[in-house]
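Asker: If it helps, the file is called entry.cif and holds mmCIF, C-alpha atoms:
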data_coords
loop_
_atom_site.label_atom_id
_atom_site.label_comp_id
_atom_site.auth_asym_id
_atom_site.auth_seq_id
_atom_site.Cartn_x
_atom_site.Cartn_y
_atom_site.Cartn_z
CA MET A 26 -0.10 -38.12 21.98
CA ASN A 27 1.72 -39.97 19.22
CA ASN A 28 4.60 -38.45 17.30
CA GLU A 29 2.54 -37.71 14.20
CA THR A 30 0.11 -35.61 16.22
CA ALA A 31 3.01 -33.88 17.94
CA LYS A 32 4.53 -33.05 14.55
CA VAL A 33 1.33 -31.42 13.37
CA ILE A 34 1.19 -29.28 16.49
CA LEU A 35 4.89 -28.41 16.40
CA SER A 36 4.58 -27.34 12.75
CA ALA A 37 2.77 -24.27 14.04
CA TYR A 38 5.51 -23.44 16.55
CA ARG A 39 7.54 -20.42 15.49
CA HIS A 40 11.29 -20.94 15.33
CA ASP A 41 12.10 -17.88 17.44
CA GLY A 42 10.30 -19.18 20.51
CA ALA A 43 7.48 -16.63 20.30
CA ASP A 44 5.05 -19.42 21.18
CA ALA A 45 7.05 -20.81 24.10
CA GLN A 46 4.45 -19.74 26.67
CA ASP A 47 1.47 -21.01 24.70
CA PRO A 48 0.03 -23.99 26.64
CA LEU A 49 -1.13 -25.61 23.43
CA PHE A 50 2.49 -26.54 22.70
CA THR A 51 3.49 -27.69 26.20
CA ASP A 52 2.88 -31.39 25.78
CA ALA A 53 4.29 -31.59 22.27
CA LEU A 54 7.43 -29.71 23.29
CA GLN A 55 7.89 -32.01 26.28
CA GLN A 56 7.54 -35.03 24.01
CA ALA A 57 10.15 -33.63 21.64
CA ARG A 58 12.55 -33.29 24.56
CA LEU A 59 12.03 -36.90 25.60
CA ASP A 60 11.77 -38.65 22.24
CA PRO A 61 15.05 -38.55 20.27
CA GLU A 62 13.38 -39.18 16.91
CA LEU A 63 10.81 -36.45 17.41
CA GLY A 64 13.49 -34.19 18.88
CA LYS A 65 15.64 -34.59 15.77
CA TRP A 66 12.69 -33.93 13.50
CA PHE A 67 11.82 -30.80 15.50
CA GLU A 68 15.36 -29.42 15.28
CA GLU A 69 15.37 -29.91 11.52
CA GLN A 70 11.96 -28.27 11.28
CA ARG A 71 13.15 -25.23 13.25
CA ALA A 72 16.27 -24.94 11.09
CA PHE A 73 14.11 -25.08 7.97
CA ASP A 74 11.73 -22.44 9.37
CA GLN A 75 14.65 -20.23 10.30
CA ARG A 76 16.00 -20.41 6.76
CA ILE A 77 12.64 -19.42 5.29
CA PHE A 78 12.15 -16.60 7.79
CA GLN A 79 15.62 -15.25 7.10
CA ALA A 80 15.02 -15.34 3.36
CA ALA A 81 11.72 -13.51 3.87
CA GLN A 82 13.46 -10.82 5.90
CA ARG A 83 15.69 -10.13 2.91
CA ILE A 84 12.74 -8.98 0.83
CA LYS A 85 13.39 -5.29 1.12
CA THR A 86 10.63 -2.85 1.85
CA PRO A 87 10.96 0.41 -0.11
CA ALA A 88 12.72 3.06 1.95
CA SER A 89 9.90 5.59 1.66
CA LEU A 90 7.05 3.26 2.56
CA LYS A 91 7.11 3.80 6.30
CA GLU A 92 7.17 7.59 5.97
CA VAL A 93 4.31 7.57 3.50
CA LEU A 94 2.22 5.31 5.73
CA ILE A 95 2.97 7.45 8.78
CA ALA A 96 1.78 10.44 6.76
CA VAL A 97 -1.40 8.51 5.96
CA ALA A 98 -1.91 7.88 9.69
CA GLN A 99 -1.13 11.49 10.63
CA GLY A 100 -3.41 12.76 7.90
CA ALA A 101 -6.23 10.70 9.32
CA LYS A 102 -5.67 12.22 12.77
CA ALA A 103 -5.52 15.74 11.38
CA ARG A 104 -8.78 15.37 9.49
CA PRO A 105 -11.07 13.03 11.40
CA ARG A 106 -13.99 11.91 9.29
CA SER A 107 -17.34 13.11 10.46
CA ARG A 108 -19.65 10.25 11.25
CA SER A 109 -22.72 12.38 11.73
CA ARG A 110 -25.53 11.86 9.28
CA ILE A 111 -27.32 14.70 7.52
CA PRO A 112 -31.12 14.62 8.03
CA TRP A 113 -33.12 13.91 4.86
CA SER A 114 -35.07 17.17 5.29
CA TRP A 115 -31.80 19.10 4.99
CA LEU A 116 -30.87 17.16 1.87
CA ALA A 117 -34.24 18.00 0.31
CA LEU A 118 -33.72 21.69 1.11
CA ALA A 119 -30.20 21.52 -0.33
CA ALA A 120 -31.55 19.94 -3.52
CA VAL A 121 -34.06 22.77 -3.92
CA LEU A 122 -31.30 25.34 -3.46
CA VAL A 123 -29.05 23.60 -5.98
CA ILE A 124 -31.81 23.53 -8.59
CA ALA A 125 -32.61 27.18 -7.92
CA GLY A 126 -28.93 27.99 -8.23
CA LEU A 127 -28.69 26.21 -11.56
CA VAL A 128 -31.68 28.17 -12.86
CA LEU A 129 -30.17 31.48 -11.77
CA VAL A 130 -26.52 30.86 -12.52
CA GLY A 131 -26.95 28.68 -15.61
CA PRO A 132 -27.34 31.55 -18.09
CA LEU A 133 -24.25 33.23 -16.65
CA GLY A 134 -22.30 30.02 -17.20
CA VAL A 135 -23.28 29.98 -20.86
CA ASN A 136 -21.74 33.42 -21.24
CA ARG A 137 -18.41 32.40 -19.78
CA SER A 138 -15.53 32.08 -22.24
CA ASN A 139 -14.33 28.69 -23.36
CA GLY A 140 -11.14 29.26 -21.35
CA GLU A 141 -13.02 30.04 -18.18
CA ASN A 142 -15.18 26.97 -18.59
CA THR A 143 -12.14 24.82 -19.23
CA LEU A 144 -10.44 26.25 -16.17
CA ALA A 145 -13.50 25.52 -14.03
CA VAL A 146 -13.65 21.95 -15.31
CA PHE A 147 -9.93 21.49 -14.72
CA GLN A 148 -10.16 22.79 -11.17
CA GLN A 149 -13.09 20.51 -10.42
CA ASP A 150 -11.30 17.49 -11.89
CA ALA A 151 -8.02 18.31 -10.16
CA LEU A 152 -9.66 18.69 -6.75
CA ALA A 153 -11.58 15.45 -7.29
CA MET A 154 -8.28 13.72 -8.05
CA LEU A 155 -6.76 15.13 -4.87
CA SER A 156 -9.72 14.28 -2.71
CA GLY A 157 -9.00 10.59 -2.14
CA GLN A 158 -8.78 10.02 1.60
CA PRO A 159 -6.32 10.77 3.05
CA GLY A 160 -4.60 11.64 -0.22
CA PRO A 161 -4.62 10.86 -3.92
CA LYS A 162 -3.47 7.50 -5.19
CA LEU A 163 0.07 7.92 -6.42
CA ASP A 164 2.00 5.89 -8.98
CA PHE A 165 5.38 6.38 -7.36
CA LEU A 166 5.95 6.72 -3.64
CA THR A 167 9.14 8.39 -2.53
CA PRO A 168 10.25 11.02 -0.01
CA SER A 169 12.77 12.40 -2.52
CA LEU A 170 11.84 15.39 -4.67
CA PRO A 171 14.60 14.66 -7.22
CA ALA A 172 13.28 11.09 -7.50
CA THR A 173 9.77 12.39 -8.27
CA GLN A 174 11.25 14.70 -10.91
CA ASP A 175 13.15 11.81 -12.49
CA TYR A 176 9.99 9.73 -12.51
CA ILE A 177 7.90 12.50 -14.06
CA ALA A 178 10.53 13.11 -16.72
CA LYS A 179 10.74 9.40 -17.47
CA GLU A 180 6.96 9.21 -17.82
CA GLN A 181 7.04 12.29 -20.09
CA GLY A 182 5.00 14.37 -17.69
CA PRO A 183 5.36 18.13 -17.34
CA LEU A 184 7.82 19.38 -14.74
CA ALA A 185 7.38 22.57 -12.75
CA PRO A 186 9.69 25.22 -14.25
CA THR A 187 10.31 26.61 -10.79
CA LEU A 188 9.60 25.70 -7.18
CA PRO A 189 9.43 27.84 -4.03
CA ALA A 190 12.63 27.58 -2.01
CA ALA A 191 10.95 26.07 1.06
CA LEU A 192 9.57 23.18 -0.94
CA LYS A 193 12.92 22.15 -2.34
CA GLY A 194 13.97 20.89 1.08
CA MET A 195 10.73 19.13 1.91
CA HIS A 196 9.98 15.44 1.69
CA THR A 197 7.45 14.29 -0.84
CA ALA A 198 4.86 11.54 -0.54
CA GLY A 199 5.27 10.71 -4.21
CA CYS A 200 3.95 11.61 -7.62
CA LEU A 201 1.71 10.64 -10.48
CA VAL A 202 1.68 11.24 -14.22
CA THR A 203 -1.63 10.98 -16.00
CA GLU A 204 -3.68 12.59 -18.77
CA TRP A 205 -6.32 15.29 -18.65
CA HIS A 206 -8.21 16.14 -21.83
CA HIS A 207 -5.41 14.49 -23.86
CA TYR A 208 -2.67 16.52 -22.15
CA ARG A 209 -0.03 14.95 -19.93
CA ILE A 210 -0.23 16.34 -16.42
CA SER A 211 1.84 15.59 -13.33
CA LEU A 212 1.01 15.61 -9.65
CA THR A 213 3.60 15.89 -6.90
CA CYS A 214 2.59 15.69 -3.24
CA PHE A 215 4.77 17.42 -0.67
CA LEU A 216 4.72 16.43 2.99
CA MET A 217 4.60 19.23 5.53
CA HIS A 218 6.05 18.66 9.00
CA ASP A 219 2.62 18.16 10.56
CA GLY A 220 1.70 15.48 8.02
CA GLN A 221 -0.43 17.77 5.85
CA LEU A 222 0.01 17.43 2.12
CA VAL A 223 0.61 20.19 -0.38
CA HIS A 224 -0.25 19.15 -3.93
CA LEU A 225 1.22 20.51 -7.12
CA VAL A 226 -0.46 19.77 -10.45
CA VAL A 227 1.51 20.83 -13.52
CA LEU A 228 0.05 21.03 -17.00
CA PRO A 229 0.73 22.92 -20.23
CA LYS A 230 -0.97 26.30 -20.49
CA ASP A 231 -2.50 25.19 -23.81
CA ALA A 232 -4.60 22.63 -21.97
CA LEU A 233 -6.64 25.43 -20.41
CA ALA A 234 -7.69 27.00 -23.73
CA GLY A 235 -6.25 30.42 -22.98
CA ALA A 236 -8.01 30.84 -19.64
CA ARG A 237 -6.99 33.84 -17.59
CA LEU A 238 -5.57 32.45 -14.37
CA PRO A 239 -6.57 33.97 -11.03
CA GLY A 240 -3.38 35.07 -9.31
CA ASP A 241 -4.60 35.25 -5.74
CA PHE A 242 -4.84 32.61 -3.05
CA GLN A 243 -8.38 31.30 -2.80
CA ALA A 244 -10.54 28.93 -0.78
CA ALA A 245 -12.54 26.45 -2.88
CA ASP A 246 -14.49 23.37 -1.83
CA GLY A 247 -12.62 23.13 1.45
CA TRP A 248 -9.24 23.56 -0.25
CA ARG A 249 -6.78 26.42 -0.30
CA ILE A 250 -5.64 26.88 -3.90
CA VAL A 251 -3.55 29.12 -6.08
CA TYR A 252 -2.46 29.17 -9.71
CA ARG A 253 0.98 30.11 -10.98
CA GLU A 254 2.22 30.27 -14.56
CA ARG A 255 5.67 30.20 -16.05
CA ASP A 256 7.35 29.17 -19.30
CA GLY A 257 4.12 27.90 -20.83
CA MET A 258 3.30 25.73 -17.81
CA VAL A 259 0.50 26.15 -15.29
CA MET A 260 1.16 25.15 -11.70
CA PHE A 261 -1.96 24.51 -9.67
CA TRP A 262 -1.31 24.31 -5.93
CA ALA A 263 -3.81 22.93 -3.42
CA THR A 264 -3.77 22.00 0.25
CA HIS A 265 -5.91 21.61 3.35
CA ALA A 266 -3.28 23.42 5.43
CA PRO A 267 -4.22 26.80 6.90
CA MET A 268 -4.10 29.68 4.43
CA ASN A 269 -1.28 31.56 6.19
CA GLU A 270 0.95 28.46 6.17
CA PHE A 271 0.13 27.86 2.52
CA GLU A 272 0.96 31.44 1.57
CA ASN A 273 4.20 31.45 3.55
CA LEU A 274 5.26 28.22 1.92
CA LEU A 275 4.68 29.30 -1.66
CA GLN A 276 6.01 32.81 -1.20
CA SER A 277 9.31 31.58 0.21
CA MET B 2 -9.17 -2.34 24.59
CA ILE B 3 -11.39 -0.12 22.49
CA GLY B 4 -10.65 1.10 18.99
CA GLN B 5 -9.83 4.67 19.89
CA THR B 6 -6.71 3.56 21.76
CA ILE B 7 -5.11 2.05 18.67
CA ASN B 8 -2.08 4.11 17.80
CA LEU B 9 -1.96 4.29 14.02
CA GLU B 10 1.68 5.29 13.84
CA ALA B 11 2.67 2.43 16.11
CA ALA B 12 0.60 0.11 13.96
CA VAL B 13 2.49 1.28 10.88
CA ALA B 14 5.85 0.80 12.60
CA SER B 15 4.96 -2.69 13.83
CA PHE B 16 3.28 -4.16 10.79
CA TYR B 17 4.23 -2.38 7.58
CA GLN B 18 7.14 -4.67 6.77
CA PRO B 19 5.40 -8.05 7.15
CA LEU B 20 2.34 -6.61 5.39
CA TYR B 21 4.43 -5.41 2.47
CA ARG B 22 6.25 -8.74 2.23
CA PHE B 23 2.98 -10.62 2.27
CA ALA B 24 1.58 -8.25 -0.37
CA TYR B 25 4.69 -8.73 -2.48
CA SER B 26 4.38 -12.50 -2.23
CA LEU B 27 0.80 -12.22 -3.51
CA THR B 28 1.42 -9.78 -6.34
CA ARG B 29 5.09 -10.36 -7.15
CA ASN B 30 5.08 -6.73 -8.22
CA GLU B 31 6.58 -3.93 -6.17
CA ALA B 32 4.17 -1.19 -7.29
CA GLU B 33 1.13 -3.34 -6.62
CA ALA B 34 2.48 -4.46 -3.25
CA LEU B 35 2.98 -0.80 -2.32
CA ASP B 36 -0.55 0.03 -3.38
CA LEU B 37 -1.99 -2.85 -1.40
CA THR B 38 -0.06 -1.92 1.73
CA GLN B 39 -1.03 1.73 1.43
CA GLN B 40 -4.65 0.84 0.76
CA THR B 41 -4.71 -1.43 3.82
CA PHE B 42 -3.55 1.34 6.13
CA LEU B 43 -5.90 3.77 4.45
CA ILE B 44 -8.80 1.45 5.25
CA LEU B 45 -7.48 1.13 8.80
CA THR B 46 -7.62 4.91 9.27
CA GLN B 47 -11.24 4.84 8.15
CA HIS B 48 -12.33 1.86 10.26
CA VAL B 49 -10.06 2.05 13.28
CA HIS B 50 -13.04 2.71 15.53
CA GLN B 51 -14.48 -0.69 14.56
CA ILE B 52 -11.53 -2.65 15.90
CA ARG B 53 -12.47 -3.60 19.43
CA GLU B 54 -9.34 -5.43 20.52
CA GLN B 55 -5.75 -4.36 19.98
CA GLU B 56 -4.78 -8.04 19.83
CA LYS B 57 -6.92 -8.47 16.71
CA LEU B 58 -5.32 -5.60 14.83
CA LYS B 59 -2.65 -7.67 13.11
CA SER B 60 -5.14 -10.26 11.87
CA TRP B 61 -7.47 -7.45 10.79
CA LEU B 62 -4.72 -5.85 8.70
CA PHE B 63 -3.83 -9.10 6.95
CA THR B 64 -7.47 -9.97 6.37
CA THR B 65 -8.01 -6.54 4.83
CA LEU B 66 -4.92 -6.72 2.65
CA ARG B 67 -5.85 -10.17 1.35
CA ARG B 68 -9.42 -9.05 0.70
CA GLU B 69 -8.19 -6.03 -1.27
CA PHE B 70 -5.85 -8.27 -3.25
CA LEU B 71 -8.69 -10.65 -4.11
CA LYS B 72 -10.90 -7.72 -5.13
CA THR B 73 -8.21 -6.45 -7.47
CA ALA B 74 -7.57 -9.90 -8.86
CA ARG B 75 -11.27 -10.36 -9.57
CA ARG B 76 -11.41 -7.01 -11.35
CA GLN B 77 -8.67 -8.12 -13.69
CA SER B 78 -10.58 -10.42 -15.99
CA SER B 79 -7.55 -12.26 -17.26
CA TYR B 80 -4.64 -13.21 -15.11
CA PRO B 81 -2.26 -15.02 -17.44
CA GLU B 82 1.04 -16.40 -16.33
CA VAL B 83 4.11 -15.00 -18.05
CA GLU B 84 7.76 -15.79 -17.73
CA PHE B 85 9.74 -13.54 -15.49
CA HIS B 86 13.01 -12.27 -16.85
CA PRO B 87 15.16 -10.16 -14.56
CA GLY B 88 15.72 -6.76 -16.11
CA GLN B 89 12.43 -6.75 -17.99
CA HIS B 90 9.99 -6.95 -15.09
CA ASP B 91 10.13 -5.48 -11.63
CA ALA B 92 13.37 -6.29 -9.97
CA PRO B 93 12.23 -8.53 -7.12
CA SER B 94 12.65 -6.68 -3.87
CA ALA B 95 15.31 -8.82 -2.40
CA GLU B 96 18.79 -7.72 -1.48
CA ASP B 97 21.08 -8.06 -4.41
CA ALA B 98 23.76 -10.10 -2.77
CA GLY B 99 24.41 -13.14 -4.89
CA GLY B 100 23.26 -16.30 -3.17
CA THR B 101 21.29 -14.35 -0.61
CA ALA B 102 18.96 -12.85 -3.18
CA ALA B 103 18.68 -16.13 -5.02
CA ASP B 104 17.61 -17.78 -1.78
CA ALA B 105 14.76 -15.31 -1.32
CA HIS B 106 13.71 -15.79 -4.94
CA THR B 107 13.81 -19.55 -4.67
CA ILE B 108 11.63 -19.49 -1.61
CA LEU B 109 9.09 -17.11 -3.12
CA GLN B 110 9.02 -19.26 -6.22
CA ALA B 111 8.62 -22.42 -4.19
CA LEU B 112 5.82 -20.89 -2.14
CA ASP B 113 3.96 -20.13 -5.35
CA GLN B 114 4.27 -23.76 -6.39
CA VAL B 115 2.77 -25.17 -3.22
CA ASP B 116 -0.87 -26.28 -3.49
CA GLU B 117 -3.19 -23.30 -3.22
CA ILE B 118 -4.89 -24.63 -0.10
CA TYR B 119 -1.61 -24.41 1.84
CA ARG B 120 -0.06 -21.42 0.09
CA VAL B 121 -1.71 -18.51 1.86
CA THR B 122 -1.31 -20.17 5.25
CA LEU B 123 2.41 -20.58 4.64
CA LYS B 124 2.79 -17.01 3.38
CA LEU B 125 1.02 -15.64 6.42
CA PHE B 126 3.26 -17.75 8.66
CA TYR B 127 6.61 -16.98 7.03
CA LEU B 128 6.16 -13.56 5.40
CA GLY B 129 3.41 -12.13 7.60
CA GLU B 130 4.99 -13.50 10.78
CA LEU B 131 1.57 -14.45 12.10
CA SER B 132 0.98 -17.01 14.83
CA TYR B 133 -1.31 -19.95 14.13
CA ARG B 134 -4.09 -18.21 16.05
CA GLU B 135 -3.68 -15.02 14.02
CA ILE B 136 -3.72 -17.06 10.81
CA ALA B 137 -6.93 -18.75 11.96
CA ASP B 138 -8.48 -15.33 12.61
CA THR B 139 -7.28 -13.97 9.27
CA LEU B 140 -8.56 -16.87 7.21
CA GLU B 141 -11.56 -17.51 9.45
CA VAL B 142 -10.78 -21.21 9.79
CA PRO B 143 -10.35 -23.36 12.92
CA VAL B 144 -6.97 -23.52 14.64
CA GLY B 145 -6.72 -27.23 13.88
CA THR B 146 -7.09 -26.53 10.17
CA VAL B 147 -4.24 -24.03 10.31
CA MET B 148 -1.97 -26.57 12.03
CA SER B 149 -2.82 -29.23 9.52
CA ARG B 150 -2.20 -26.88 6.59
CA LEU B 151 1.10 -25.72 8.04
CA SER B 152 2.23 -29.28 8.58
CA ARG B 153 1.38 -30.50 5.10
CA GLY B 154 2.31 -27.23 3.45
CA LYS B 155 5.78 -27.26 4.95
CA GLU B 156 6.37 -30.76 3.63
CA GLN B 157 5.42 -29.59 0.15
CA LEU B 158 7.51 -26.46 0.46
CA ARG B 159 10.57 -28.45 1.44
CA THR B 160 10.14 -30.67 -1.61
CA LYS B 161 9.60 -27.70 -3.96
CA ILE B 162 12.69 -25.89 -2.69
CA ALA B 163 14.79 -29.02 -3.09
CA GLY B 164 13.48 -29.43 -6.63
CA LEU B 165 14.24 -25.84 -7.54
CA GLU B 166 17.73 -25.99 -6.08
CA THR B 167 18.66 -29.13 -7.93
CA GLY B 168 17.09 -28.84 -11.36
CA VAL B 169 15.01 -25.96 -12.60
CA ASP B 170 16.47 -22.74 -14.02
CA PRO B 171 16.01 -20.34 -11.09
CA LYS B 172 15.96 -17.32 -13.39
CA ILE B 173 12.54 -18.17 -14.77
CA ILE B 174 9.70 -17.42 -12.41
CA THR B 175 6.02 -17.51 -13.23
CA MET B 176 4.20 -14.49 -11.97
CA PRO B 177 0.94 -12.65 -12.58
CA GLN B 178 1.13 -10.35 -15.61
CA ARG B 179 1.53 -6.74 -14.63
CA LYS B 180 -1.42 -4.47 -15.18
CA ARG B 181 0.04 -1.24 -13.89
CA LYS B 182 3.23 0.50 -14.62
CA GLY B 183 5.70 0.60 -11.77
CA HIS B 184 8.91 2.49 -11.31
CA GLU B 185 11.77 0.21 -12.12
#
Could you write out this structure as structure tokens?
Answerer:
Amino acid sequence: MNNETAKVILSAYRHDGADAQDPLFTDALQQARLDPELGKWFEEQRAFDQRIFQAAQRIKTPASLKEVLIAVAQGAKARPRSRSRIPWSWLALAAVLVIAGLVLVGPLGVNRSNGENTLAVFQQDALAMLSGQPGPKLDFLTPSLPATQDYIAKEQGPLAPTLPAALKGMHTAGCLVTEWHHYRISLTCFLMHDGQLVHLVVLPKDALAGARLPGDFQAADGWRIVYRERDGMVMFWATHAPMNEFENLLQS
Amino acid sequence: MIGQTINLEAAVASFYQPLYRFAYSLTRNEAEALDLTQQTFLILTQHVHQIREQEKLKSWLFTTLRREFLKTARRQSSYPEVEFHPGQHDAPSAEDAGGTAADAHTILQALDQVDEIYRVTLKLFYLGELSYREIADTLEVPVGTVMSRLSRGKEQLRTKIAGLETGVDPKIITMPQRKRKGHE
């Protein structure tokens, strides 16, 4: 092996010795020990690598990133995705039932008030937004509730006028400010101890066209949800956590 | 080792930092780097059963992150270069400690100036902390190609760093124009 070949091989050798046991480097390393010119080049190369590695280590990772990613991993364990396939015959039957349902329920829907329709559309849109797996895509990731509030305020999103006491001490996954039907709305995701998320969507009451809000805890599309209203703001809460945990949390 | 034995939390703990740094070197934008890292682990949770060997996990993560980055880059029809001015764009995620931070910036800047064919290999080596075999798996190229790219790429990198340290204003960095709003 000539020195040029040895240099190419040794360029792949990591400065911290992680490759010391890799037989691919054995001959080149031996040559560097015996050949002063190659040895000098190798030392300089390792010093250069070390400088670059150290500089790379100084690129800080955001403090909340690990916690958020752990929550992603825990969320995946808590809600394993079903890999079973639904037979086509069942899908055909389901399609027939849906069409029949539309025929029967359609006229009732026409009679609903504008507010009720708007509320139904909002709930559907909100749950769709929350249904990314394992959670919605957030603009700002942080475990700090005050930091989410600062972000929402800075982005001119609506803030919750009040929060249940238990939530004030919880970590968040982050938040998002976006628009729904030309109204600014905010989303804050709280992290429960078991990795489950509790979502809070805040929007102005005006956005729901005067809809009468249901006050009770409900199950909808696999979610547990509840509406709260205060100071002209609507707070829509949703989670996959068990209903009793959800109720205890919000009634604290 | 079969996929089911992969511990997702351990995977996060082991790889989130090099993944984020690699993502940051690609995007030069903190919010986008966060998104890419989160998206990569999200995809892992959905496909963990497909990973047959624990030893391939690291390469799989970097392959996925790079693929997601390329998808995003393709979606953005224009990708103009703009001047970076500290205070106006994302504060680069390096420790703010005088020469220390400048060193990290210089190296990121120099890496971006290296020929494209060597650039990703070098970023995977230095920022991703991948071995030459893992880089070969990630980029799906032969081991010999990785060695050759590392050898030539390091020569270029050394020259670029020297050039930046001696002449060019280190406060001006070219970077992809931001498409999304981040928290600054």
Asker: Please, which residues of chain A lie no more than 10 Å from chain B when the count uses only C-alpha atoms, and can they be set out as a PyMOL selection string?
Answerer: chain A and resi 30+32-39+43-44+70+73-87+90-102+105-106+157-160+162-166+176+179-180
Asker: Mind pulling up the distance from CA of Thr73 (chain B) to CA of Ser211 (chain A)?
Answerer: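 Going from CA of Ser211 (chain A) over to CA of Thr73 (chain B) covers 24.9 Å.
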Asker: What residues come out when you apply the PyMOL selection byres ((chain A and resi 147-155) around 8) to this file, written as JSON, numbers by chain?
Answerer: {"A": [143, 144, 145, 146, 156, 157, 160, 161, 224, 226, 233, 263]}
Asker: Those same residues - C-alpha atoms - I'd like them written as a PDB file, keeping the file's coordinate frame.
Answerer:
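Once everything was written out, this is result.pdb:
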ATOM      1  CA  THR A 143     -12.140  24.820 -19.230  1.00  0.00           C
ATOM      2  CA  LEU A 144     -10.440  26.250 -16.170  1.00  0.00           C
ATOM      3  CA  ALA A 145     -13.500  25.520 -14.030  1.00  0.00           C
ATOM      4  CA  VAL A 146     -13.650  21.950 -15.310  1.00  0.00           C
ATOM      5  CA  SER A 156      -9.720  14.280  -2.710  1.00  0.00           C
ATOM      6  CA  GLY A 157      -9.000  10.590  -2.140  1.00  0.00           C
ATOM      7  CA  GLY A 160      -4.600  11.640  -0.220  1.00  0.00           C
ATOM      8  CA  PRO A 161      -4.620  10.860  -3.920  1.00  0.00           C
ATOM      9  CA  HIS A 224      -0.250  19.150  -3.930  1.00  0.00           C
ATOM     10  CA  VAL A 226      -0.460  19.770 -10.450  1.00  0.00           C
ATOM     11  CA  LEU A 233      -6.640  25.430 -20.410  1.00  0.00           C
ATOM     12  CA  ALA A 263      -3.810  22.930  -3.420  1.00  0.00           C
TER      13      ALA A 263
END
Asker: What does the distance from CA of Glu270 (chain A) to CA of Asp256 (chain A) come to in Å, to one decimal?
Answerer: 26.3 Å
Asker: Within 12 Å of (-6.8, 33.3, -18.0) (file coordinates; all atoms listed in the file), which protein or nucleic acid residues are there? I'd like them as a PyMOL selection string.
Answerer: chain A and resi 137-145+230-240+252-254+259
Asker: So how far away is CA of Gly164 (chain B) from CA of Phe67 (chain A), in Å?
Answerer: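 Separating CA of Phe67 (chain A) from CA of Gly164 (chain B) is a distance of 22.2 Å.
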Asker: Closest to Met195 (chain A) among A:Met268, A:Leu222, A:Ala53, A:Met26, using all atoms listed in the file?
Answerer: A:Leu222
